>>> print(open('run17.csv').read())   # CSV, C-alpha atoms and all ligand atoms
chain,number,residue,atom,x,y,z
A,1,MET,CA,-26.2,-14.1,11.1
A,2,ASP,CA,-25.7,-16.0,7.7
A,3,ALA,CA,-22.5,-15.3,5.7
A,4,TYR,CA,-21.3,-16.5,2.3
A,5,VAL,CA,-18.1,-15.8,0.4
A,6,ALA,CA,-18.4,-16.4,-3.4
A,7,LEU,CA,-15.1,-17.0,-5.1
A,8,GLU,CA,-14.2,-16.3,-8.7
A,9,GLY,CA,-15.3,-19.4,-10.6
A,10,GLY,CA,-18.5,-19.7,-8.6
A,11,HIS,CA,-17.5,-21.8,-5.5
A,12,VAL,CA,-19.3,-20.4,-2.4
A,13,VAL,CA,-17.9,-20.8,1.1
A,14,GLU,CA,-20.2,-20.6,4.2
A,15,ALA,CA,-18.9,-18.7,7.2
A,16,ARG,CA,-20.1,-17.1,10.4
A,17,GLY,CA,-21.4,-13.5,10.0
A,18,ARG,CA,-19.8,-11.0,12.4
A,19,VAL,CA,-20.6,-7.6,10.7
A,20,PRO,CA,-23.5,-7.4,8.3
A,21,GLY,CA,-23.2,-6.0,4.7
A,22,SER,CA,-22.6,-7.1,1.2
A,23,THR,CA,-19.7,-6.2,-1.1
A,24,PRO,CA,-17.5,-7.3,-4.0
A,25,GLY,CA,-13.7,-7.0,-3.8
A,26,GLU,CA,-10.4,-8.6,-4.8
A,27,LEU,CA,-9.7,-11.4,-2.4
A,28,VAL,CA,-6.1,-11.3,-1.1
A,29,PHE,CA,-4.4,-12.7,2.0
A,30,THR,CA,-1.7,-11.4,4.4
A,31,THR,CA,0.5,-13.6,6.5
A,32,ALA,CA,1.1,-10.9,9.1
A,33,TYR,CA,0.6,-12.3,12.6
A,34,THR,CA,0.6,-8.9,14.1
A,35,GLY,CA,-0.4,-5.4,13.0
A,36,TYR,CA,-4.0,-5.9,12.1
A,37,GLU,CA,-4.8,-2.3,12.9
A,38,GLU,CA,-2.1,-1.1,10.6
A,39,SER,CA,-3.2,-3.4,7.8
A,40,LEU,CA,-6.8,-2.6,8.1
A,41,THR,CA,-6.1,1.2,7.9
A,42,ASP,CA,-3.6,0.9,5.1
A,43,PRO,CA,-5.1,2.7,2.1
A,44,SER,CA,-3.4,0.2,-0.2
A,45,TYR,CA,-6.1,-2.3,0.6
A,46,GLU,CA,-8.8,-0.2,-1.0
A,47,GLU,CA,-11.3,-2.3,-3.0
A,48,GLN,CA,-9.9,-5.6,-1.7
A,49,VAL,CA,-11.2,-8.2,0.7
A,50,LEU,CA,-8.5,-9.0,3.2
A,51,THR,CA,-8.1,-12.5,4.5
A,52,PHE,CA,-5.8,-13.0,7.5
A,53,SER,CA,-3.9,-16.3,7.4
A,54,TYR,CA,-3.0,-15.9,11.1
A,55,PRO,CA,-5.9,-17.6,12.9
A,56,LEU,CA,-6.7,-15.1,15.7
A,57,ILE,CA,-7.2,-11.4,14.9
A,58,GLY,CA,-7.8,-8.8,17.5
A,59,ASN,CA,-6.1,-10.4,20.5
A,60,TYR,CA,-4.4,-7.1,21.7
A,61,GLY,CA,-7.4,-4.8,21.2
A,62,VAL,CA,-7.9,-1.8,18.9
A,63,ARG,CA,-6.0,1.5,19.5
A,64,GLU,CA,-6.3,4.6,17.4
A,65,GLU,CA,-2.6,5.5,17.7
A,66,ARG,CA,-1.7,2.5,15.6
A,67,PHE,CA,-4.0,3.5,12.7
A,68,GLU,CA,-2.3,4.4,9.4
A,69,SER,CA,-5.2,6.5,8.1
A,70,GLY,CA,-8.6,7.8,9.2
A,71,ARG,CA,-10.7,4.7,8.1
A,72,VAL,CA,-10.7,1.0,7.4
A,73,HIS,CA,-9.9,0.4,3.7
A,74,PRO,CA,-10.6,-3.2,2.8
A,75,ASN,CA,-14.2,-3.7,1.6
A,76,ALA,CA,-14.5,-6.7,3.9
A,77,VAL,CA,-12.5,-8.8,6.4
A,78,VAL,CA,-12.1,-12.6,6.6
A,79,ALA,CA,-10.4,-14.4,9.4
A,80,ARG,CA,-10.6,-17.8,11.2
A,81,GLU,CA,-11.5,-16.0,14.5
A,82,LEU,CA,-12.2,-12.3,15.1
A,83,THR,CA,-12.3,-10.9,18.7
A,84,GLU,CA,-15.2,-8.8,19.9
A,85,ASP,CA,-12.9,-5.7,19.9
A,86,VAL,CA,-12.2,-6.0,16.2
A,87,VAL,CA,-15.8,-6.8,15.4
A,88,GLU,CA,-17.0,-3.7,17.3
A,89,TRP,CA,-14.6,-1.5,15.4
A,90,LEU,CA,-15.5,-3.0,12.0
A,91,ASP,CA,-19.2,-2.6,12.9
A,92,GLU,CA,-18.7,1.1,13.7
A,93,GLU,CA,-16.9,1.4,10.4
A,94,GLY,CA,-19.6,-0.5,8.5
A,95,VAL,CA,-17.1,-3.0,7.1
A,96,PRO,CA,-18.6,-6.5,6.6
A,97,ALA,CA,-16.7,-9.3,8.4
A,98,VAL,CA,-16.9,-13.1,8.6
A,99,ASP,CA,-15.0,-15.8,10.6
A,100,HIS,CA,-15.3,-19.5,11.4
A,101,LEU,CA,-14.3,-20.6,8.0
A,102,ASP,CA,-11.3,-22.6,6.9
A,103,THR,CA,-8.9,-19.8,6.0
A,104,ARG,CA,-6.1,-22.4,5.3
A,105,ASP,CA,-8.3,-23.6,2.4
A,106,LEU,CA,-9.0,-20.0,1.2
A,107,VAL,CA,-5.3,-19.1,1.3
A,108,THR,CA,-4.4,-22.3,-0.6
A,109,ASP,CA,-6.9,-21.4,-3.3
A,110,ILE,CA,-5.4,-17.9,-3.6
A,111,ARG,CA,-1.9,-19.4,-3.8
A,112,GLU,CA,-3.0,-21.7,-6.5
A,113,GLU,CA,-5.4,-19.5,-8.5
A,114,GLY,CA,-4.0,-16.1,-7.7
A,115,ALA,CA,-5.7,-13.1,-6.1
A,116,MET,CA,-9.3,-13.4,-7.3
A,117,LYS,CA,-12.6,-11.6,-7.5
A,118,CYS,CA,-15.0,-12.4,-4.8
A,119,GLY,CA,-18.4,-11.4,-3.4
A,120,ILE,CA,-19.4,-11.4,0.2
A,121,ALA,CA,-23.0,-11.3,1.7
A,122,VAL,CA,-23.5,-11.2,5.5
A,123,GLY,CA,-26.9,-10.7,7.3
A,124,GLU,CA,-30.0,-12.3,8.8
A,125,ASP,CA,-31.6,-13.4,5.5
A,126,VAL,CA,-28.7,-13.4,3.0
A,127,THR,CA,-28.4,-16.3,0.5
A,128,GLU,CA,-25.6,-17.8,-1.5
A,129,GLN,CA,-27.1,-16.0,-4.5
A,130,ASP,CA,-26.6,-12.7,-2.8
A,131,ALA,CA,-22.8,-13.4,-2.6
A,132,LEU,CA,-22.8,-14.6,-6.2
A,133,ASP,CA,-24.5,-11.3,-7.2
A,134,GLU,CA,-21.7,-9.3,-5.5
A,135,LEU,CA,-19.2,-11.5,-7.3
A,136,ALA,CA,-20.8,-10.7,-10.6
A,137,ALA,CA,-20.5,-7.0,-9.8
A,138,CYS,CA,-16.8,-7.3,-8.9
A,139,LYS,CA,-14.3,-5.3,-11.1
A,140,GLY,CA,-10.8,-6.4,-11.7
A,141,MET,CA,-8.2,-4.3,-9.8
A,142,SER,CA,-7.0,-2.4,-13.0
A,143,GLU,CA,-10.6,-1.4,-13.8
A,144,HIS,CA,-10.6,0.9,-10.7
A,145,THR,CA,-9.3,3.8,-12.8
A,146,ASP,CA,-10.3,6.4,-10.2
A,147,ILE,CA,-8.8,4.7,-7.2
A,148,GLY,CA,-6.4,7.6,-6.5
A,149,ALA,CA,-9.3,9.9,-5.9
A,150,GLN,CA,-10.8,7.5,-3.4
A,151,VAL,CA,-7.8,7.6,-1.1
A,152,SER,CA,-5.9,10.8,-1.7
A,153,VAL,CA,-6.3,14.2,0.2
A,154,ASP,CA,-8.5,16.6,-1.8
A,155,GLU,CA,-6.5,19.6,-0.6
A,156,PRO,CA,-2.9,20.1,0.2
A,157,ASP,CA,-1.9,19.5,3.8
A,158,PHE,CA,1.2,20.2,5.8
A,159,SER,CA,3.0,18.3,8.6
A,160,ALA,CA,5.8,20.0,10.5
A,161,GLY,CA,9.1,18.3,11.3
A,162,ALA,CA,10.7,17.9,14.7
A,163,GLU,CA,12.8,20.9,15.7
A,164,ASP,CA,16.0,18.8,15.7
A,165,GLY,CA,17.2,17.0,12.7
A,166,VAL,CA,17.4,17.6,9.0
A,167,ASP,CA,16.2,21.0,7.8
A,168,ALA,CA,14.5,19.6,4.7
A,169,HIS,CA,11.3,20.2,2.9
A,170,VAL,CA,9.7,17.0,1.4
A,171,THR,CA,6.7,17.1,-1.0
A,172,LEU,CA,4.8,13.9,-0.7
A,173,ILE,CA,2.4,13.0,-3.5
A,174,ASP,CA,-0.5,11.3,-1.7
A,175,CYS,CA,-1.6,8.2,-3.7
A,176,GLY,CA,-3.1,6.8,-0.5
A,177,HIS,CA,-0.2,7.2,2.0
A,178,LYS,CA,0.3,5.5,5.3
A,179,GLY,CA,0.6,8.0,8.1
A,180,SER,CA,3.8,6.6,9.5
A,181,ILE,CA,5.6,7.6,6.3
A,182,VAL,CA,5.0,11.2,7.2
A,183,ASP,CA,5.8,10.5,10.8
A,184,SER,CA,9.1,8.9,9.8
A,185,LEU,CA,10.1,12.0,7.8
A,186,ASN,CA,8.8,14.5,10.5
A,187,ALA,CA,10.7,12.6,13.3
A,188,ARG,CA,14.0,13.2,11.4
A,189,GLY,CA,13.2,17.0,11.2
A,190,ALA,CA,11.7,17.2,7.7
A,191,ASP,CA,8.6,19.3,7.0
A,192,VAL,CA,6.2,17.4,4.8
A,193,GLU,CA,3.9,19.1,2.2
A,194,ILE,CA,1.2,16.6,1.2
A,195,LEU,CA,-0.3,17.1,-2.2
A,196,PRO,CA,-3.1,15.2,-4.0
A,197,TYR,CA,-2.2,12.4,-6.3
A,198,ASP,CA,-3.1,14.5,-9.4
A,199,ALA,CA,-1.1,17.5,-8.4
A,200,THR,CA,0.3,19.4,-11.4
A,201,ILE,CA,3.9,20.3,-12.2
A,202,GLU,CA,3.1,23.9,-11.1
A,203,ASP,CA,1.6,22.7,-7.8
A,204,VAL,CA,4.8,20.8,-7.0
A,205,ALA,CA,7.0,23.8,-8.0
A,206,GLU,CA,5.1,26.1,-5.6
A,207,THR,CA,6.1,23.8,-2.7
A,208,GLU,CA,9.8,24.2,-3.5
A,209,PRO,CA,10.7,20.5,-2.6
A,210,ASP,CA,14.1,19.4,-1.5
A,211,VAL,CA,12.8,15.9,-2.2
A,212,LEU,CA,9.8,14.7,-4.2
A,213,PHE,CA,8.3,11.6,-2.5
A,214,ILE,CA,5.7,9.3,-4.1
A,215,SER,CA,3.7,7.4,-1.6
A,216,ASN,CA,2.3,3.9,-1.5
A,217,GLY,CA,-1.3,3.4,-2.6
A,218,PRO,CA,-3.9,1.0,-3.9
A,219,GLY,CA,-4.7,-0.5,-7.4
A,220,ASP,CA,-2.8,-0.6,-10.6
A,221,PRO,CA,0.1,1.9,-10.9
A,222,ALA,CA,-0.7,2.3,-14.6
A,223,ASN,CA,-3.9,4.2,-13.5
A,224,PHE,CA,-1.8,6.9,-11.8
A,225,GLU,CA,-1.1,8.7,-15.1
A,226,GLU,CA,-0.9,12.2,-13.6
A,227,THR,CA,1.7,11.0,-11.0
A,228,VAL,CA,3.7,9.2,-13.7
A,229,GLU,CA,3.8,12.5,-15.6
A,230,LEU,CA,5.0,14.4,-12.6
A,231,VAL,CA,7.9,12.0,-12.0
A,232,ASP,CA,8.8,12.1,-15.7
A,233,HIS,CA,9.1,15.9,-15.4
A,234,TYR,CA,11.0,16.1,-12.1
A,235,ALA,CA,13.4,13.1,-12.5
A,236,GLY,CA,16.9,14.6,-12.5
A,237,GLU,CA,15.7,18.0,-11.5
A,238,VAL,CA,14.9,17.2,-7.9
A,239,PRO,CA,15.8,14.1,-5.7
A,240,LEU,CA,13.1,11.5,-5.9
A,241,ALA,CA,11.9,8.8,-3.4
A,242,GLY,CA,9.1,6.3,-3.6
A,243,ILE,CA,7.6,3.5,-1.5
A,244,CYS,CA,5.6,0.6,-3.0
A,245,LEU,CA,3.2,2.1,-5.5
A,246,GLY,CA,5.7,5.0,-5.5
A,247,GLN,CA,8.5,2.6,-6.7
A,248,GLN,CA,6.1,1.3,-9.5
A,249,ILE,CA,5.2,4.8,-10.6
A,250,VAL,CA,8.9,5.9,-10.7
A,251,ALA,CA,9.7,2.8,-12.8
A,252,LEU,CA,6.9,3.6,-15.2
A,253,ALA,CA,8.0,7.2,-15.5
A,254,LEU,CA,11.6,6.2,-16.3
A,255,GLY,CA,10.8,3.8,-19.1
A,256,GLY,CA,10.2,0.6,-17.1
A,257,SER,CA,7.1,-1.6,-16.9
A,258,THR,CA,4.9,-3.2,-14.2
A,259,ALA,CA,2.9,-6.4,-14.1
A,260,LYS,CA,0.3,-8.0,-11.8
A,261,MET,CA,1.7,-10.7,-9.6
A,262,ASP,CA,-0.2,-14.0,-8.9
A,263,PHE,CA,-0.9,-13.5,-5.3
A,264,GLY,CA,1.5,-10.7,-4.3
A,265,HIS,CA,3.5,-10.1,-1.2
A,266,ARG,CA,1.5,-9.3,2.0
A,267,GLY,CA,3.1,-9.9,5.4
A,268,VAL,CA,5.7,-8.8,7.9
A,269,ASN,CA,8.6,-11.2,7.2
A,270,GLN,CA,9.5,-10.8,3.6
A,271,PRO,CA,13.3,-11.3,3.1
A,272,VAL,CA,15.0,-8.7,1.0
A,273,MET,CA,18.6,-8.9,-0.2
A,274,ASP,CA,20.6,-5.7,-0.7
A,275,VAL,CA,23.2,-6.3,-3.4
A,276,ARG,CA,25.4,-3.3,-2.4
A,277,THR,CA,25.8,-4.4,1.3
A,278,ASN,CA,25.2,-8.1,0.8
A,279,ARG,CA,22.8,-8.0,3.8
A,280,VAL,CA,19.3,-9.5,4.1
A,281,VAL,CA,16.6,-7.4,5.9
A,282,MET,CA,13.2,-8.5,7.0
A,283,THR,CA,10.4,-6.3,5.7
A,284,THR,CA,6.7,-5.5,5.8
A,285,GLN,CA,4.9,-5.7,2.5
A,286,ASN,CA,1.5,-5.2,0.9
A,287,HIS,CA,1.5,-5.3,-2.9
A,288,GLY,CA,-0.1,-7.2,-5.8
A,289,TYR,CA,1.9,-5.5,-8.7
A,290,THR,CA,5.6,-5.5,-9.2
A,291,VAL,CA,8.2,-3.8,-11.4
A,292,ALA,CA,8.6,-6.2,-14.3
A,293,ASP,CA,11.3,-4.3,-16.1
A,294,PRO,CA,13.1,-1.3,-14.4
A,295,GLY,CA,14.1,0.1,-17.7
A,296,GLU,CA,17.6,1.4,-18.5
A,297,ASN,CA,17.7,4.3,-15.9
A,298,LEU,CA,17.2,2.4,-12.7
A,299,GLU,CA,19.5,-0.1,-11.0
A,300,VAL,CA,18.0,-3.0,-9.1
A,301,THR,CA,19.8,-2.6,-5.7
A,302,GLN,CA,17.6,-4.9,-3.7
A,303,PHE,CA,15.6,-8.0,-4.6
A,304,ASN,CA,13.1,-10.4,-2.9
A,305,VAL,CA,14.9,-13.6,-1.7
A,306,ASN,CA,11.7,-15.7,-2.3
A,307,ASP,CA,11.0,-14.8,-5.9
A,308,ASP,CA,13.8,-12.4,-7.1
A,309,THR,CA,11.4,-9.5,-7.8
A,310,PRO,CA,12.9,-6.0,-7.5
A,311,GLU,CA,12.6,-4.5,-4.0
A,312,GLY,CA,14.9,-1.5,-4.4
A,313,LEU,CA,15.6,0.7,-7.4
A,314,ASP,CA,18.3,3.4,-7.4
A,315,ASN,CA,19.9,6.0,-9.6
A,316,ASP,CA,22.7,7.7,-7.8
A,317,GLU,CA,23.4,10.3,-10.5
A,318,LEU,CA,19.7,11.4,-10.8
A,319,GLU,CA,19.3,11.0,-7.0
A,320,ILE,CA,16.5,8.4,-7.0
A,321,ILE,CA,15.8,5.9,-4.3
A,322,THR,CA,12.7,3.7,-4.2
A,323,ARG,CA,11.6,0.6,-2.2
A,324,GLN,CA,8.8,-1.9,-3.0
A,325,TYR,CA,8.4,-2.8,0.7
A,326,HIS,CA,7.4,-0.5,3.6
A,327,PRO,CA,10.6,0.8,5.3
A,328,GLU,CA,8.4,2.9,7.8
A,329,ALA,CA,7.9,-0.5,9.4
A,330,ASN,CA,4.5,-0.3,11.0
A,331,PRO,CA,4.0,-2.7,12.7
A,332,GLY,CA,7.7,-3.5,12.1
A,333,PRO,CA,10.2,-5.1,11.6
A,334,ASN,CA,12.6,-2.1,12.0
A,335,ASP,CA,15.4,-3.4,9.8
A,336,SER,CA,15.1,-0.8,7.0
A,337,LEU,CA,14.3,2.5,8.8
A,338,ASP,CA,17.6,3.9,7.5
A,339,PHE,CA,15.8,4.4,4.2
A,340,PHE,CA,14.5,7.7,5.5
A,341,ASP,CA,18.0,8.8,6.5
A,342,ASP,CA,19.1,8.0,2.9
A,343,VAL,CA,16.2,9.9,1.4
A,344,LEU,CA,16.9,13.0,3.5
A,345,ALA,CA,20.6,12.8,2.8
A,346,MET,CA,19.6,13.7,-0.8
A,347,ALA,CA,18.0,16.9,0.3
A,348,ASP,CA,19.9,20.1,-0.2
A,349,PRO,CA,17.9,23.0,1.1
A,350,ALA,CA,20.4,25.5,-0.4
A,351,ALA,CA,19.8,24.2,-4.0
A,352,ASP,CA,18.0,26.4,-6.5
A,353,PRO,CA,14.2,26.0,-6.3
A,354,VAL,CA,12.8,23.7,-8.9
A,355,ILE,CA,11.1,25.2,-11.9
A,356,ALA,CA,7.8,24.2,-13.5
A,357,ASP,CA,8.7,24.4,-17.2
A,358,ASP,CA,11.4,22.6,-19.1
A,401,LIG,N1,1.3,-0.8,-0.8
A,401,LIG,C1,1.3,-0.4,-2.0
A,401,LIG,O1,1.7,0.8,-2.3
A,401,LIG,C2,0.7,-1.3,-3.1
A,401,LIG,C3,1.0,-0.9,-4.5
A,401,LIG,C4,0.1,-1.4,-5.6
A,401,LIG,N2,-1.3,-1.0,-5.4
A,401,LIG,C5,0.2,-2.9,-5.6
A,401,LIG,O2,-0.7,-3.6,-5.2
A,401,LIG,O3,1.2,-3.5,-6.0
>>> encode(input="run17.csv", output="structure tokens")
Amino acid sequence: MDAYVALEGGHVVEARGRVPGSTPGELVFTTAYTGYEESLTDPSYEEQVLTFSYPLIGNYGVREERFESGRVHPNAVVARELTEDVVEWLDEEGVPAVDHLDTRDLVTDIREEGAMKCGIAVGEDVTEQDALDELAACKGMSEHTDIGAQVSVDEPDFSAGAEDGVDAHVTLIDCGHKGSIVDSLNARGADVEILPYDATIEDVAETEPDVLFISNGPGDPANFEETVELVDHYAGEVPLAGICLGQQIVALALGGSTAKMDFGHRGVNQPVMDVRTNRVVMTTQNHGYTVADPGENLEVTQFNVNDDTPEGLDNDELEIITRQYHPEANPGPNDSLDFFDDVLAMADPAADPVIADD
């Protein structure tokens, strides 16, 4: 099977085709050396082409219990070597895949030029031109204005908490959540009400949340206008938590700003410094945007040791905790699981129910 990857600027790389198909997508890389099932099912990779810098992907098989959602989200997959198990899975999912190319070169290009548009063509008779045509059709990440609708639940859903633990009711706004965020809350006793990304202020009020939780998700946070409005309304009225896109949305709602990073943070060993405890934790990350300015209402309590970008924003008085990384730690490391205890410590089931109007 022939395979070509056309990079922004027009350079075309030849590869071995593993799963046929053609697609555009934003080319990004992850340095994660484990957790390929978690990465590939993470909705935050929607509309991207995921390159693994680790050279062998699929060496411990494919197991559904490690999936973070019901499908593979990247538009295509690139690796130095993909095992048969992974190829079979991607084939069932209809996700184009290529290997046997120099991923060191590709990652170096992304490091130097930044995450870029690309086009992939894989199949018996595909040509370089087919890949270039896909590239020409590739939109920039921020042009995917409906990306929330592509990954969010359409209807509200509910996931019951364990019998033991915190008697709390969390309303999760689903911007493309990882399943293990819900599992982490359920395991601590909290019931989780899952609402679509465009839920209204009234929809949230009906669920009577003890905590309002904004999930991770794909694309540019500025395109989640409905969710930004929700946070703007509920900040100070109900405790707020957010992960990754959730942190960015909370920052936008509280007067801060976000910006696109050059090549982002994607991996499982990103070091984060907590300025309150003076401890460094290792974290799993997957993001291409960052909070550029947290605004006047949020304190930067954690930052990335590599590039100083904000990793944790807090407001103790308004009861807000957000993290840019993934504390649910799938596939690990487990250093920051206590985030969920801190979130649920804000819940006060005896408090008056929230109200929809100001
Ligand atoms: N994992 C996420 O929530 C990613 C957030 C956002 N889409 C970004 O790329 O920065």
>>> closest_residue(input="run17.csv", among="A:Glu319, A:Asp157, A:Asp307, A:Glu38", to="ligand LIG 401 (chain A)", atoms="all atoms listed in the file")
A:Glu38
>>> closest_residue(input="run17.csv", among="A:Ser22, A:Thr171, A:Pro221, A:His287", to="Thr127 in chain A", atoms="only C-alpha atoms")
A:Ser22
>>> axis_aligned_box(input="run17.csv", around="ligand LIG 401 (chain A)", padding_each_side="5 Å", output="lines of an AutoDock Vina configuration file")
center_x = 0.2
center_y = -1.4
center_z = -3.4
size_x = 13.0
size_y = 14.4
size_z = 15.2
>>> residues_near_ligand(input="run17.csv", ligand="ligand LIG 401 (chain A)", cutoff="10 Å", atoms="all atoms listed in the file", output="JSON, numbers by chain")
{"A": [42, 43, 44, 45, 46, 141, 142, 147, 175, 176, 177, 178, 214, 215, 216, 217, 218, 219, 220, 221, 222, 223, 242, 243, 244, 245, 246, 247, 248, 249, 258, 259, 260, 261, 263, 264, 265, 266, 284, 285, 286, 287, 288, 289, 290, 291, 323, 324, 325, 326]}
>>> atom_distance(input="run17.csv", atom1="CA of Val122 in chain A", atom2="CA of Gly267 in chain A")
26.6 Å
>>> closest_residue(input="run17.csv", among="A:Asn278, A:Gln150, A:Thr30, A:Thr23", to="Pro96 in chain A", atoms="all atoms listed in the file")
A:Thr23
>>> atom_distance(input="run17.csv", atom1="CA of Cys118 in chain A", atom2="CA of Glu143 in chain A")
14.9 Å
>>> atom_distance(input="run17.csv", atom1="CA of Thr200 in chain A", atom2="CA of Val238 in chain A")
15.2 Å
>>> closest_residue(input="run17.csv", among="A:Leu132, A:Val49, A:Ala253, A:Ala160", to="Glu8 in chain A", atoms="only C-alpha atoms")
A:Leu132
